[in-house]
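model-v6.cif, holding mmCIF, C-alpha atoms and all ligand atoms:
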data_work
#
loop_
_atom_site.label_atom_id
_atom_site.label_comp_id
_atom_site.auth_asym_id
_atom_site.auth_seq_id
_atom_site.Cartn_x
_atom_site.Cartn_y
_atom_site.Cartn_z
CA MET A 1297 -5.50 2.46 28.76
CA SER A 1298 -2.34 0.38 28.40
CA SER A 1299 0.37 0.58 25.76
CA ILE A 1300 0.60 -2.04 23.05
CA ILE A 1301 3.70 -0.44 21.50
CA THR A 1302 6.22 1.87 23.16
CA CYS A 1303 9.04 3.63 21.30
CA SER A 1304 11.77 4.79 23.69
CA HIS A 1305 14.51 7.06 22.36
CA VAL A 1306 14.27 5.49 18.92
CA ASP A 1307 16.36 6.80 16.03
CA LEU A 1308 14.74 5.74 12.74
CA GLY A 1309 16.71 5.39 9.53
CA TYR A 1310 18.77 3.13 7.31
CA ASP A 1311 22.34 1.82 7.57
CA GLY A 1312 23.24 4.09 10.46
CA HIS A 1313 21.82 7.19 8.75
CA VAL A 1314 19.21 8.76 11.06
CA ILE A 1315 15.98 10.16 9.53
CA VAL A 1316 13.86 10.66 12.66
CA LYS A 1317 15.74 11.33 15.89
CA ASP A 1318 14.89 10.33 19.44
CA LEU A 1319 11.29 9.26 18.87
CA ASN A 1320 9.31 8.70 22.06
CA MET A 1321 5.70 7.65 21.69
CA ASP A 1322 3.12 5.10 22.80
CA ILE A 1323 0.35 3.34 20.98
CA GLU A 1324 -2.38 2.71 23.53
CA ARG A 1325 -4.88 -0.13 23.28
CA GLY A 1326 -7.88 1.06 21.26
CA SER A 1327 -6.32 4.38 20.20
CA TYR A 1328 -6.48 5.98 16.74
CA ILE A 1329 -3.28 7.68 15.62
CA SER A 1330 -2.81 9.65 12.40
CA VAL A 1331 0.74 9.98 11.10
CA ILE A 1332 1.32 13.08 9.01
CA GLY A 1333 4.35 14.91 7.64
CA GLN A 1334 5.97 16.20 4.51
CA ASN A 1335 7.15 14.00 1.67
CA GLY A 1336 10.27 12.10 2.63
CA SER A 1337 10.03 12.97 6.33
CA GLY A 1338 10.06 9.31 7.40
CA LYS A 1339 6.43 8.18 7.78
CA SER A 1340 6.87 4.93 5.84
CA THR A 1341 10.21 4.32 7.55
CA PHE A 1342 8.41 4.57 10.90
CA ILE A 1343 5.81 2.03 9.76
CA LYS A 1344 8.40 -0.36 8.33
CA THR A 1345 10.29 -0.15 11.61
CA LEU A 1346 7.14 -0.89 13.65
CA LEU A 1347 6.47 -3.90 11.44
CA GLY A 1348 10.02 -5.15 12.01
CA LEU A 1349 10.98 -4.78 8.32
CA VAL A 1350 13.66 -2.17 9.15
CA ARG A 1351 15.79 -2.14 12.31
CA PRO A 1352 15.91 1.10 14.30
CA VAL A 1353 19.33 2.77 14.14
CA SER A 1354 19.17 2.92 17.94
CA GLY A 1355 16.68 2.80 20.81
CA LYS A 1356 14.04 0.28 21.76
CA ILE A 1357 10.58 -0.59 20.48
CA HIS A 1358 8.67 -2.59 23.07
CA LYS A 1359 5.66 -4.55 21.78
CA ASN A 1360 3.04 -5.78 24.21
CA LEU A 1361 1.34 -7.82 21.47
CA PRO A 1362 1.24 -11.41 20.21
CA ALA A 1363 3.74 -12.17 17.40
CA ASN A 1364 1.02 -11.69 14.77
CA GLY A 1365 -0.53 -8.73 16.57
CA ILE A 1366 -0.23 -6.18 13.75
CA GLY A 1367 -2.47 -6.23 10.68
CA TYR A 1368 -0.95 -4.23 7.84
CA LEU A 1369 -2.71 -2.63 4.91
CA PRO A 1370 0.02 -1.47 2.51
CA GLN A 1371 -0.20 0.87 -0.44
CA GLN A 1372 -1.28 -1.27 -3.39
CA THR A 1373 0.99 -1.79 -6.39
CA GLU A 1374 -0.39 -2.32 -9.90
CA MET A 1375 0.59 -5.99 -9.69
CA GLN A 1376 -1.40 -6.47 -6.49
CA ARG A 1377 -4.44 -4.80 -8.08
CA ASN A 1378 -4.41 -7.50 -10.77
CA PHE A 1379 -3.95 -10.41 -8.40
CA PRO A 1380 -5.64 -13.53 -9.89
CA ALA A 1381 -7.43 -14.89 -6.80
CA THR A 1382 -10.91 -14.64 -5.33
CA ALA A 1383 -11.69 -12.10 -2.62
CA MET A 1384 -12.01 -14.97 -0.12
CA GLU A 1385 -8.57 -16.35 -1.03
CA VAL A 1386 -7.02 -12.92 -0.53
CA VAL A 1387 -8.71 -12.57 2.88
CA LEU A 1388 -7.61 -16.07 3.93
CA SER A 1389 -4.02 -15.22 3.07
CA GLY A 1390 -4.12 -13.05 6.21
CA PHE A 1391 -3.69 -16.32 8.11
CA LEU A 1392 -0.56 -17.36 6.18
CA SER A 1393 1.88 -16.42 8.92
CA GLN A 1394 -0.14 -18.39 11.46
CA LYS A 1395 -0.57 -21.54 9.39
CA LYS A 1396 3.18 -22.08 8.87
CA TYR A 1397 3.64 -25.43 7.07
CA ARG A 1398 0.00 -26.55 7.26
CA PRO A 1399 -1.14 -26.84 3.59
CA PHE A 1400 -4.79 -25.91 4.22
CA TYR A 1401 -6.91 -23.35 6.07
CA THR A 1402 -8.92 -24.59 9.06
CA LYS A 1403 -12.72 -24.38 9.32
CA LYS A 1404 -12.29 -21.74 12.01
CA GLU A 1405 -10.07 -19.64 9.72
CA ARG A 1406 -12.64 -19.89 6.89
CA PHE A 1407 -15.42 -18.97 9.30
CA THR A 1408 -13.44 -15.97 10.59
CA ALA A 1409 -12.61 -14.83 7.03
CA LEU A 1410 -16.30 -14.96 6.05
CA GLY A 1411 -17.15 -13.06 9.25
CA GLN A 1412 -14.69 -10.28 8.34
CA LEU A 1413 -16.11 -10.07 4.80
CA LYS A 1414 -19.59 -9.78 6.30
CA LYS A 1415 -18.50 -7.16 8.81
CA LEU A 1416 -17.09 -5.04 5.98
CA GLY A 1417 -20.24 -5.45 3.87
CA ILE A 1418 -18.68 -7.48 1.04
CA LEU A 1419 -19.74 -11.05 1.81
CA ASP A 1420 -21.52 -11.26 -1.55
CA LEU A 1421 -18.16 -10.63 -3.27
CA SER A 1422 -16.33 -13.55 -1.62
CA LYS A 1423 -16.15 -15.59 -4.81
CA THR A 1424 -15.47 -12.67 -7.13
CA CYS A 1425 -12.01 -12.40 -8.64
CA TYR A 1426 -10.06 -9.73 -6.77
CA ARG A 1427 -8.91 -7.95 -9.94
CA GLU A 1428 -12.54 -7.45 -11.02
CA LEU A 1429 -13.38 -5.45 -7.90
CA SER A 1430 -13.45 -1.65 -7.69
CA GLY A 1431 -10.63 0.12 -5.85
CA GLY A 1432 -12.85 0.65 -2.79
CA GLN A 1433 -13.94 -3.01 -2.75
CA GLN A 1434 -10.32 -4.13 -3.07
CA GLN A 1435 -9.35 -1.98 -0.08
CA ARG A 1436 -12.15 -3.54 1.95
CA VAL A 1437 -10.89 -7.02 1.00
CA LEU A 1438 -7.37 -6.02 2.12
CA LEU A 1439 -8.82 -4.62 5.32
CA ALA A 1440 -10.63 -7.94 5.97
CA ARG A 1441 -7.29 -9.69 5.31
CA ALA A 1442 -5.50 -7.43 7.80
CA LEU A 1443 -8.23 -8.13 10.37
CA CYS A 1444 -7.64 -11.88 9.96
CA ALA A 1445 -3.96 -11.28 10.67
CA SER A 1446 -4.57 -9.27 13.83
CA GLY A 1447 -7.23 -8.28 16.32
CA HIS A 1448 -5.12 -5.65 18.07
CA LEU A 1449 -3.59 -3.06 15.79
CA LEU A 1450 -4.22 -2.05 12.19
CA VAL A 1451 -1.42 -0.20 10.42
CA LEU A 1452 -2.34 1.54 7.18
CA ASP A 1453 -0.13 3.48 4.76
CA GLU A 1454 -2.19 6.07 2.86
CA PRO A 1455 -5.07 3.62 2.31
CA VAL A 1456 -7.31 5.94 0.29
CA THR A 1457 -4.75 6.68 -2.44
CA GLY A 1458 -6.49 6.23 -5.79
CA LEU A 1459 -9.99 5.89 -4.32
CA ASP A 1460 -12.84 8.16 -5.33
CA PRO A 1461 -14.17 10.45 -2.55
CA ALA A 1462 -17.19 8.22 -1.77
CA ALA A 1463 -15.03 5.06 -1.45
CA ALA A 1464 -12.50 6.97 0.67
CA LYS A 1465 -15.26 8.20 2.99
CA GLU A 1466 -16.61 4.67 3.33
CA LEU A 1467 -13.16 3.29 4.20
CA TYR A 1468 -12.70 5.97 6.87
CA ARG A 1469 -16.16 5.14 8.26
CA LEU A 1470 -15.28 1.42 8.50
CA LEU A 1471 -11.99 2.18 10.25
CA LYS A 1472 -13.72 4.42 12.78
CA LYS A 1473 -16.34 1.71 13.38
CA LEU A 1474 -13.66 -0.97 13.93
CA ASN A 1475 -11.91 1.38 16.32
CA GLU A 1476 -15.00 2.36 18.31
CA GLU A 1477 -16.95 -0.90 18.30
CA ASP A 1478 -14.19 -3.54 18.34
CA GLY A 1479 -11.54 -1.54 20.21
CA MET A 1480 -9.09 -2.03 17.33
CA ALA A 1481 -6.14 0.37 17.56
CA VAL A 1482 -5.53 2.18 14.26
CA LEU A 1483 -2.30 3.80 13.09
CA MET A 1484 -2.66 5.44 9.71
CA VAL A 1485 -0.35 7.45 7.51
CA SER A 1486 -2.62 10.02 5.93
CA HIS A 1487 -2.28 12.90 3.51
CA ASP A 1488 -5.84 13.92 4.25
CA LEU A 1489 -5.27 16.37 7.07
CA SER A 1490 -8.93 17.11 7.78
CA ASN A 1491 -9.76 13.42 8.12
CA ALA A 1492 -6.61 12.81 10.15
CA LEU A 1493 -7.81 15.42 12.61
CA LYS A 1494 -11.44 14.31 12.56
CA ASP A 1495 -11.04 10.62 13.38
CA ALA A 1496 -7.77 10.33 15.34
CA ASP A 1497 -7.31 10.84 19.05
CA HIS A 1498 -3.52 11.28 18.73
CA ILE A 1499 -1.30 12.79 16.05
CA LEU A 1500 2.27 11.91 15.14
CA HIS A 1501 3.60 14.73 12.95
CA ILE A 1502 7.04 13.93 11.57
CA GLY A 1503 9.00 17.02 10.50
CA HIS A 1504 12.40 17.15 8.82
CA GLU A 1505 14.25 18.06 12.01
CA ASP A 1506 11.88 16.98 14.75
CA TYR A 1507 8.45 15.55 15.45
CA PHE A 1508 5.29 16.10 17.47
CA PHE A 1509 3.37 13.37 19.28
CA GLY A 1510 0.35 14.11 21.43
CA THR A 1511 -3.40 14.35 21.61
CA LYS A 1512 -5.31 15.89 18.75
CA GLU A 1513 -6.24 18.80 21.02
CA SER A 1514 -2.63 19.56 21.96
CA TYR A 1515 -1.65 19.22 18.29
CA ARG A 1516 -4.14 21.92 17.33
CA GLU A 1517 -2.39 24.25 19.81
CA SER A 1518 1.10 23.36 18.58
CA GLU A 1519 3.34 25.34 16.23
CA TYR A 1520 3.27 22.37 13.82
CA TYR A 1521 -0.45 22.81 13.30
CA GLN A 1522 -0.18 26.62 13.30
CA LYS A 1523 2.30 26.36 10.43
CA ILE A 1524 0.05 24.07 8.43
CA SER A 1525 -3.13 25.98 9.06
CA GLY A 1526 -1.24 29.22 8.40
CA GLY A 1527 -1.09 28.22 4.75
CA ALA A 1528 1.93 25.96 4.46
CA VAL A 1529 -0.25 22.98 3.65
CA HIS A 1530 1.53 22.06 0.44
CA GLY A 1531 3.70 18.99 0.58
CA ILE A 1532 1.95 17.72 3.68
CA ASN A 1533 1.17 14.05 3.48
N1 LIG B 1601 15.41 1.56 1.80
C1 LIG B 1601 15.91 2.78 2.01
N2 LIG B 1601 17.23 2.97 2.18
C2 LIG B 1601 17.75 4.20 2.41
N3 LIG B 1601 17.01 5.33 2.49
C3 LIG B 1601 15.69 5.21 2.34
C4 LIG B 1601 15.06 3.94 2.07
N4 LIG B 1601 13.72 4.14 1.99
C5 LIG B 1601 13.53 5.48 2.15
N5 LIG B 1601 14.70 6.10 2.37
C6 LIG B 1601 14.88 7.55 2.60
O1 LIG B 1601 14.33 7.83 3.89
C7 LIG B 1601 13.69 9.11 3.88
C8 LIG B 1601 12.28 8.94 4.41
O2 LIG B 1601 11.54 8.18 3.46
P1 LIG B 1601 10.07 7.67 3.77
O3 LIG B 1601 9.64 6.86 2.60
O4 LIG B 1601 10.02 7.06 5.11
O5 LIG B 1601 9.28 9.06 3.80
P2 LIG B 1601 7.72 9.35 3.80
O6 LIG B 1601 7.45 10.38 4.83
O7 LIG B 1601 6.96 8.07 3.91
O8 LIG B 1601 7.56 9.97 2.35
P3 LIG B 1601 6.31 10.03 1.33
O9 LIG B 1601 5.29 10.90 1.98
O10 LIG B 1601 6.88 10.66 0.12
O11 LIG B 1601 5.84 8.61 1.13
C9 LIG B 1601 13.79 9.63 2.46
O12 LIG B 1601 14.86 10.53 2.41
C10 LIG B 1601 14.07 8.41 1.65
O13 LIG B 1601 14.84 8.73 0.50
#

Show how you would write the structure in this file as structure tokens.
Ligand SMILES: Nc1ncnc2c1ncn2[C@@H]1O[C@H](COP(=O)(O)OP(=O)(O)OP(=O)(O)O)[C@@H](O)[C@H]1O
Amino acid sequence: MSSIITCSHVDLGYDGHVIVKDLNMDIERGSYISVIGQNGSGKSTFIKTLLGLVRPVSGKIHKNLPANGIGYLPQQTEMQRNFPATAMEVVLSGFLSQKKYRPFYTKKERFTALGQLKKLGILDLSKTCYRELSGGQQQRVLLARALCASGHLLVLDEPVTGLDPAAAKELYRLLKKLNEEDGMAVLMVSHDLSNALKDADHILHIGHEDYFFGTKESYRESEYYQKISGGAVHGIN
């Protein structure tokens, strides 16, 4: 496997204030990484830094990816849930960064968007208004949008928040399928520890003072996991 993102001695934080110190980790092509940690430990800061929305306080993040190589599925706000556009229009907006000043979507982009809707089992909803969809359907539309933006790495921040258990299970199943069948790397912040351990091959556990990064198997042997499984599960995200 080869790395698509490498963090070397990265301090994460804001305005010179360090939240996660000396982070060293790799995202390999086709890997599945779950990011866990207590509230406020720095999980979203890590994701924002990977996406280039926040600059690391120090250190280097090397990306072996095209400029639009990361598809991002953010936590949804109430405003986004009520977005007045069709599912297809939302999916097509995944191409916005690629189309620059071109005022229309190409045939190929439309074809790809329909293909992603089909892959995620929601082709019949393409003309439905996004705000009329269920939470699980909306997440699938956003996933199709993220897939249009990137074929390399999907980054998700607690994507099952607000979904019922069946819709959450379905979303996890789709992510695992994309990972296994299409070789899509997945990096997901999760508060669902059992799912994080079931589907991922690597775990990034961000603590308040330090962090763990390694295979799922080595994580299970680590003191981080021992602490959690020893009963201190509360507050884990
Ligand atoms: N824009 C910002 N400027 C300064 N500090 C920030 C900013 N955003 C977050 N922080 C601080 O950085 C720390 C880490 O926050 P972050 O949102 O990354 O944690 P998290 O692990 O994602 O938390 P949660 O599980 O609650 O979402 C917190 O102390 C937070 O107050």

Checklist line | Within-9 Å residues of ligand LIG 1601 (chain B), basis all atoms listed in the file, as a PyMOL selection string | finding: chain A and resi 1309-1311+1313-1316+1332-1344+1350+1453-1454+1485-1487+1502-1503+1531-1533

Check: Between A:Ser1514, A:Thr1302, A:Gln1371, A:Thr1402, which one has atoms that come closest to Gly1355 in chain A, using only C-alpha atoms?
Finding: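 Ranking A:Ser1514, A:Thr1302, A:Gln1371, A:Thr1402 by distance to Gly1355 in chain A, first place goes to A:Thr1302.
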
Notebook entry, point to check: Interatomic distance between CA of Glu1476 in chain A and CA of Leu1392 in chain A?
Noted result: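 About the pair CA of Glu1476 in chain A and CA of Leu1392 in chain A: they are 27.3 Å apart.
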
Notebook entry, point to check: Which of these, A:Glu1385, A:Asp1506, A:Asp1460, A:Glu1477, has the shortest distance to Tyr1426 in chain A once you count all atoms listed in the file?
Noted result: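 The shortest atom-to-atom distance to Tyr1426 in chain A comes from A:Glu1385.
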
Checklist line | Shell of 7 Å around Lys1423 in chain A, only C-alpha atoms, local chain residues under 6 positions omitted, as number ranges by chain | finding: A: 1382-1384

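In terms of minimum interatomic distance to Ser1330 in chain A, A:Leu1500 ranks closest within A:Ala1481, A:Val1387, A:Leu1361, A:Leu1500, counting all atoms listed in the file.
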
Next item on the list: Find the residues around Leu1347 in chain A up to 12 Å (only C-alpha atoms counted), leave out those fewer than 5 positions away in its own chain, and share them as a PyMOL selection string.
Entry: chain A and resi 1301+1340-1342+1352+1357-1359+1361+1363-1370+1449-1453+1483

Check: Using only C-alpha atoms, which residue out of A:Ser1327, A:Ile1499, A:Ala1464, A:His1305 lies closest to Gly1479 in chain A?
Finding: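 Counting only C-alpha atoms, the residue closest to Gly1479 in chain A is A:Ser1327.
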
Note to self: Taking 3 positions as the minimum chain separation for residues in the same chain, which residues sit within 12 Å of Leu1429 in chain A when counting only C-alpha atoms? Answer as an NGL selection string.
What the structure shows: :A and (1377-1383 or 1418 or 1420-1426 or 1432-1438)

Checklist line | Distance in Å - CA of Thr1511 in chain A versus CA of Lys1415 in chain A | finding: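 Result for CA of Thr1511 in chain A versus CA of Lys1415 in chain A: 29.2 Å, one decimal.
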
Check: Expressed in Å to a single decimal, how great is the separation between CA of Leu1308 in chain A and CA of Ala1492 in chain A?
Finding: 22.6 Å

Note to self: Using all atoms listed in the file for the distances, tell me which of A:Phe1400, A:Gln1376, A:Gly1348, A:Ser1298 is nearest to Asn1360 in chain A.
What the structure shows: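 Selected residue with least distance to Asn1360 in chain A: A:Ser1298.
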
Check: Between A:Ser1490, A:Asp1495, A:Leu1470, A:His1504, which is the closest to Tyr1521 in chain A once you count all atoms listed in the file?
Finding: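 Ranking A:Ser1490, A:Asp1495, A:Leu1470, A:His1504 by distance to Tyr1521 in chain A, first place goes to A:Ser1490.
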
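Residues in contact with Phe1391 in chain A at 10 Å, where all atoms listed in the file are counted and same-chain residues fewer than 4 positions away are skipped, are listed as Asn1364, Val1386, Val1387, Lys1395, Lys1396, Tyr1401, Thr1402, Glu1405, Arg1406, Ala1409, Arg1441, Ala1442, Leu1443, Cys1444, Ala1445 and Ser1446 of chain A.
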
Reconstruct N, CA and C atoms of range 1452-1479 of chain A from the incomplete input and present them as an mmCIF file, keeping the file's coordinate frame.
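As written to disk, out25.cif reads:
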data_model
loop_
_atom_site.group_PDB
_atom_site.id
_atom_site.type_symbol
_atom_site.label_atom_id
_atom_site.label_comp_id
_atom_site.auth_asym_id
_atom_site.auth_seq_id
_atom_site.Cartn_x
_atom_site.Cartn_y
_atom_site.Cartn_z
ATOM 1 N N LEU A 1452 -1.955 1.258 8.564
ATOM 2 C CA LEU A 1452 -2.340 1.540 7.180
ATOM 3 C C LEU A 1452 -1.472 2.665 6.615
ATOM 4 N N ASP A 1453 -0.978 2.470 5.393
ATOM 5 C CA ASP A 1453 -0.130 3.480 4.760
ATOM 6 C C ASP A 1453 -0.912 4.124 3.610
ATOM 7 N N GLU A 1454 -1.418 5.315 3.849
ATOM 8 C CA GLU A 1454 -2.190 6.070 2.860
ATOM 9 C C GLU A 1454 -3.214 5.172 2.140
ATOM 10 N N PRO A 1455 -4.185 4.632 2.892
ATOM 11 C CA PRO A 1455 -5.070 3.620 2.310
ATOM 12 C C PRO A 1455 -6.072 4.137 1.292
ATOM 13 N N VAL A 1456 -6.288 5.465 1.231
ATOM 14 C CA VAL A 1456 -7.310 5.940 0.290
ATOM 15 C C VAL A 1456 -6.714 6.428 -1.026
ATOM 16 N N THR A 1457 -5.388 6.260 -1.187
ATOM 17 C CA THR A 1457 -4.750 6.680 -2.440
ATOM 18 C C THR A 1457 -5.447 5.996 -3.617
ATOM 19 N N GLY A 1458 -5.880 6.784 -4.584
ATOM 20 C CA GLY A 1458 -6.490 6.230 -5.790
ATOM 21 C C GLY A 1458 -7.986 5.943 -5.664
ATOM 22 N N LEU A 1459 -8.558 6.133 -4.473
ATOM 23 C CA LEU A 1459 -9.990 5.890 -4.320
ATOM 24 C C LEU A 1459 -10.786 7.155 -4.624
ATOM 25 N N ASP A 1460 -12.015 6.983 -5.123
ATOM 26 C CA ASP A 1460 -12.840 8.160 -5.330
ATOM 27 C C ASP A 1460 -13.343 8.647 -3.963
ATOM 28 N N PRO A 1461 -13.821 9.897 -3.863
ATOM 29 C CA PRO A 1461 -14.170 10.450 -2.550
ATOM 30 C C PRO A 1461 -15.188 9.608 -1.768
ATOM 31 N N ALA A 1462 -16.174 9.007 -2.473
ATOM 32 C CA ALA A 1462 -17.190 8.220 -1.770
ATOM 33 C C ALA A 1462 -16.556 6.953 -1.171
ATOM 34 N N ALA A 1463 -15.677 6.287 -1.940
ATOM 35 C CA ALA A 1463 -15.030 5.060 -1.450
ATOM 36 C C ALA A 1463 -14.079 5.395 -0.297
ATOM 37 N N ALA A 1464 -13.417 6.554 -0.392
ATOM 38 C CA ALA A 1464 -12.500 6.970 0.670
ATOM 39 C C ALA A 1464 -13.286 7.226 1.962
ATOM 40 N N LYS A 1465 -14.418 7.891 1.823
ATOM 41 C CA LYS A 1465 -15.260 8.200 2.990
ATOM 42 C C LYS A 1465 -15.752 6.917 3.643
ATOM 43 N N GLU A 1466 -16.119 5.948 2.820
ATOM 44 C CA GLU A 1466 -16.610 4.670 3.330
ATOM 45 C C GLU A 1466 -15.496 3.921 4.072
ATOM 46 N N LEU A 1467 -14.290 3.971 3.528
ATOM 47 C CA LEU A 1467 -13.160 3.290 4.200
ATOM 48 C C LEU A 1467 -12.888 3.943 5.563
ATOM 49 N N TYR A 1468 -12.901 5.273 5.598
ATOM 50 C CA TYR A 1468 -12.700 5.970 6.870
ATOM 51 C C TYR A 1468 -13.791 5.590 7.875
ATOM 52 N N ARG A 1469 -15.042 5.478 7.367
ATOM 53 C CA ARG A 1469 -16.160 5.140 8.260
ATOM 54 C C ARG A 1469 -15.941 3.740 8.855
ATOM 55 N N LEU A 1470 -15.504 2.795 8.012
ATOM 56 C CA LEU A 1470 -15.280 1.420 8.500
ATOM 57 C C LEU A 1470 -14.167 1.389 9.543
ATOM 58 N N LEU A 1471 -13.111 2.158 9.288
ATOM 59 C CA LEU A 1471 -11.990 2.180 10.250
ATOM 60 C C LEU A 1471 -12.446 2.736 11.592
ATOM 61 N N LYS A 1472 -13.244 3.802 11.538
ATOM 62 C CA LYS A 1472 -13.720 4.420 12.780
ATOM 63 C C LYS A 1472 -14.617 3.436 13.538
ATOM 64 N N LYS A 1473 -15.432 2.686 12.775
ATOM 65 C CA LYS A 1473 -16.340 1.710 13.380
ATOM 66 C C LYS A 1473 -15.519 0.592 14.054
ATOM 67 N N LEU A 1474 -14.497 0.086 13.357
ATOM 68 C CA LEU A 1474 -13.660 -0.970 13.930
ATOM 69 C C LEU A 1474 -12.979 -0.486 15.206
ATOM 70 N N ASN A 1475 -12.574 0.786 15.169
ATOM 71 C CA ASN A 1475 -11.910 1.380 16.320
ATOM 72 C C ASN A 1475 -12.886 1.539 17.488
ATOM 73 N N GLU A 1476 -14.053 2.071 17.219
ATOM 74 C CA GLU A 1476 -15.000 2.360 18.310
ATOM 75 C C GLU A 1476 -15.716 1.113 18.811
ATOM 76 N N GLU A 1477 -16.117 0.243 17.882
ATOM 77 C CA GLU A 1477 -16.950 -0.900 18.300
ATOM 78 C C GLU A 1477 -16.129 -2.126 18.695
ATOM 79 N N ASP A 1478 -14.983 -2.340 18.037
ATOM 80 C CA ASP A 1478 -14.190 -3.540 18.340
ATOM 81 C C ASP A 1478 -12.945 -3.210 19.171
ATOM 82 N N GLY A 1479 -12.706 -1.927 19.426
ATOM 83 C CA GLY A 1479 -11.540 -1.540 20.210
ATOM 84 C C GLY A 1479 -10.225 -1.763 19.471
#
